[in-house]
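The file my_file35.txt contains compact mmCIF, N, CA and C atoms:
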# COMPACT_ATOMS: atom_id res chain seq x y z
N MET A 1 163.98 2.03 15.65
CA MET A 1 162.99 2.41 16.65
C MET A 1 162.44 1.12 17.28
N PHE A 2 162.33 1.13 18.62
CA PHE A 2 161.85 -0.05 19.35
C PHE A 2 160.39 0.14 19.72
N TYR A 3 159.57 -0.84 19.40
CA TYR A 3 158.17 -0.84 19.80
C TYR A 3 157.92 -2.08 20.65
N PRO A 4 157.51 -1.89 21.92
CA PRO A 4 157.34 -3.06 22.80
C PRO A 4 156.16 -3.92 22.36
N THR A 5 156.34 -5.22 22.49
CA THR A 5 155.26 -6.16 22.20
C THR A 5 154.51 -6.46 23.50
N PHE A 6 153.48 -7.28 23.41
CA PHE A 6 152.72 -7.65 24.61
C PHE A 6 153.60 -8.43 25.59
N VAL A 7 154.53 -9.20 25.06
CA VAL A 7 155.44 -9.95 25.92
C VAL A 7 156.34 -9.00 26.69
N ASP A 8 156.87 -7.99 26.03
CA ASP A 8 157.72 -7.01 26.70
C ASP A 8 156.96 -6.26 27.79
N ILE A 9 155.75 -5.85 27.49
CA ILE A 9 154.93 -5.14 28.48
C ILE A 9 154.59 -6.06 29.64
N GLY A 10 154.27 -7.31 29.34
CA GLY A 10 153.95 -8.28 30.40
C GLY A 10 155.12 -8.54 31.32
N ILE A 11 156.30 -8.68 30.75
CA ILE A 11 157.49 -8.89 31.58
C ILE A 11 157.74 -7.66 32.46
N PHE A 12 157.58 -6.48 31.91
CA PHE A 12 157.79 -5.25 32.67
C PHE A 12 156.80 -5.15 33.83
N ILE A 13 155.52 -5.38 33.57
CA ILE A 13 154.50 -5.30 34.62
C ILE A 13 154.71 -6.41 35.64
N GLY A 14 155.08 -7.60 35.18
CA GLY A 14 155.35 -8.70 36.10
C GLY A 14 156.53 -8.42 37.00
N THR A 15 157.56 -7.78 36.48
CA THR A 15 158.72 -7.42 37.29
C THR A 15 158.33 -6.43 38.38
N ILE A 16 157.54 -5.44 38.02
CA ILE A 16 157.07 -4.47 39.02
C ILE A 16 156.21 -5.17 40.06
N GLY A 17 155.35 -6.10 39.64
CA GLY A 17 154.50 -6.83 40.57
C GLY A 17 155.29 -7.69 41.53
N ILE A 18 156.30 -8.39 41.02
CA ILE A 18 157.14 -9.22 41.88
C ILE A 18 157.89 -8.35 42.87
N PHE A 19 158.38 -7.19 42.43
CA PHE A 19 159.08 -6.28 43.34
C PHE A 19 158.17 -5.87 44.48
N PHE A 20 156.94 -5.46 44.19
CA PHE A 20 156.04 -5.01 45.24
C PHE A 20 155.63 -6.14 46.17
N VAL A 21 155.45 -7.33 45.65
CA VAL A 21 155.13 -8.48 46.51
C VAL A 21 156.28 -8.76 47.46
N LEU A 22 157.50 -8.79 46.94
CA LEU A 22 158.65 -9.04 47.80
C LEU A 22 158.85 -7.91 48.81
N PHE A 23 158.60 -6.68 48.39
CA PHE A 23 158.73 -5.54 49.30
C PHE A 23 157.71 -5.64 50.43
N LEU A 24 156.47 -5.98 50.11
CA LEU A 24 155.44 -6.09 51.14
C LEU A 24 155.72 -7.27 52.07
N LEU A 25 156.23 -8.38 51.53
CA LEU A 25 156.61 -9.50 52.39
C LEU A 25 157.76 -9.11 53.32
N PHE A 26 158.73 -8.37 52.79
CA PHE A 26 159.84 -7.91 53.62
C PHE A 26 159.32 -6.99 54.73
N ALA A 27 158.42 -6.08 54.40
CA ALA A 27 157.88 -5.16 55.41
C ALA A 27 157.03 -5.91 56.43
N ARG A 28 156.44 -7.02 56.03
CA ARG A 28 155.60 -7.80 56.95
C ARG A 28 156.44 -8.58 57.95
N PHE A 29 157.50 -9.21 57.50
CA PHE A 29 158.29 -10.07 58.37
C PHE A 29 159.49 -9.36 59.01
N PHE A 30 159.93 -8.24 58.45
CA PHE A 30 161.04 -7.47 59.02
C PHE A 30 160.63 -6.00 59.11
N PRO A 31 159.71 -5.67 60.03
CA PRO A 31 159.26 -4.28 60.10
C PRO A 31 160.37 -3.33 60.54
N VAL A 32 160.23 -2.08 60.17
CA VAL A 32 161.24 -1.08 60.51
C VAL A 32 161.23 -0.83 62.02
N LEU A 33 160.05 -0.75 62.61
CA LEU A 33 159.91 -0.56 64.05
C LEU A 33 159.49 -1.87 64.70
N ALA A 34 160.07 -2.17 65.82
CA ALA A 34 159.65 -3.36 66.55
C ALA A 34 158.29 -3.11 67.18
N LEU A 35 157.39 -4.07 67.08
CA LEU A 35 156.03 -3.86 67.57
C LEU A 35 155.99 -3.68 69.08
N ASN A 36 156.86 -4.36 69.82
CA ASN A 36 156.83 -4.20 71.27
C ASN A 36 157.25 -2.78 71.67
N GLU A 37 158.15 -2.14 70.90
CA GLU A 37 158.51 -0.75 71.18
C GLU A 37 157.33 0.17 70.89
N VAL A 38 156.62 -0.06 69.82
CA VAL A 38 155.47 0.77 69.48
C VAL A 38 154.39 0.63 70.55
N LYS A 39 154.15 -0.60 71.01
CA LYS A 39 153.14 -0.82 72.04
C LYS A 39 153.51 -0.12 73.33
N SER A 40 154.80 -0.16 73.71
CA SER A 40 155.21 0.49 74.95
C SER A 40 155.08 2.01 74.82
N ILE A 41 155.40 2.56 73.66
CA ILE A 41 155.25 4.00 73.46
C ILE A 41 153.79 4.39 73.54
N LEU A 42 152.91 3.62 72.91
CA LEU A 42 151.49 3.94 72.94
C LEU A 42 150.92 3.78 74.35
N ARG A 43 151.39 2.80 75.09
CA ARG A 43 150.91 2.58 76.44
C ARG A 43 151.28 3.77 77.33
N VAL A 44 152.52 4.24 77.24
CA VAL A 44 152.97 5.36 78.06
C VAL A 44 152.23 6.63 77.68
N SER A 45 152.09 6.91 76.40
CA SER A 45 151.40 8.13 75.98
C SER A 45 149.91 8.06 76.33
N GLY A 46 149.33 6.87 76.28
CA GLY A 46 147.92 6.72 76.66
C GLY A 46 147.70 6.98 78.13
N GLU A 47 148.63 6.52 78.98
CA GLU A 47 148.51 6.77 80.41
C GLU A 47 148.66 8.26 80.70
N LYS A 48 149.58 8.93 80.03
CA LYS A 48 149.73 10.38 80.21
C LYS A 48 148.46 11.10 79.80
N TYR A 49 147.86 10.67 78.68
CA TYR A 49 146.64 11.31 78.22
C TYR A 49 145.51 11.12 79.22
N ARG A 50 145.37 9.93 79.76
CA ARG A 50 144.31 9.67 80.74
C ARG A 50 144.52 10.49 82.01
N ASN A 51 145.77 10.63 82.43
CA ASN A 51 146.06 11.40 83.64
C ASN A 51 145.75 12.88 83.44
N THR A 52 146.05 13.44 82.29
CA THR A 52 145.76 14.85 82.04
C THR A 52 144.27 15.06 81.88
N GLU A 53 143.57 14.07 81.34
CA GLU A 53 142.13 14.18 81.14
C GLU A 53 141.40 14.19 82.47
N ASN A 54 141.88 13.41 83.43
CA ASN A 54 141.23 13.36 84.75
C ASN A 54 141.43 14.63 85.55
N HIS A 55 142.50 15.36 85.32
CA HIS A 55 142.77 16.56 86.08
C HIS A 55 141.94 17.74 85.63
N HIS A 56 141.36 17.69 84.43
CA HIS A 56 140.59 18.84 83.92
C HIS A 56 139.17 18.79 84.37
Now, as a test, write the supplied structure out as structure tokens.
Amino acid sequence: MFYPTFVDIGIFIGTIGIFFVLFLLFARFFPVLALNEVKSILRVSGEKYRNTENHH
């Protein structure tokens, strides 16, 4: 029967922590959506919203 020691638990938690740090760094520097595309989509939808709001 295997019983984990504090070292085993520490390595396990540290591995999970390193994974999440690397994942967040990857998401920060290589986003799934390009920000200029998101800005253009929001700009177009915002103009449509303003135009419909003025007509009511």
To test the calculation: enclose all listed atoms of stretch 28-31 of chain A in a box whose edges run along x, y and z, add 4 Å on each side, then state centre and edge lengths in Å to one decimal, as AutoDock Vina command-line options.
--center_x 158.3 --center_y -6.7 --center_z 58.3 --size_x 13.4 --size_y 14.7 --size_z 12.5
To one decimal place in Å, what is the distance between atom CA of A:Arg43 and atom CA of A:Phe26? 26.7 Å
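Take atom C of A:Arg28 and atom CA of A:Ile9: the distance between them is 29.7 Å.
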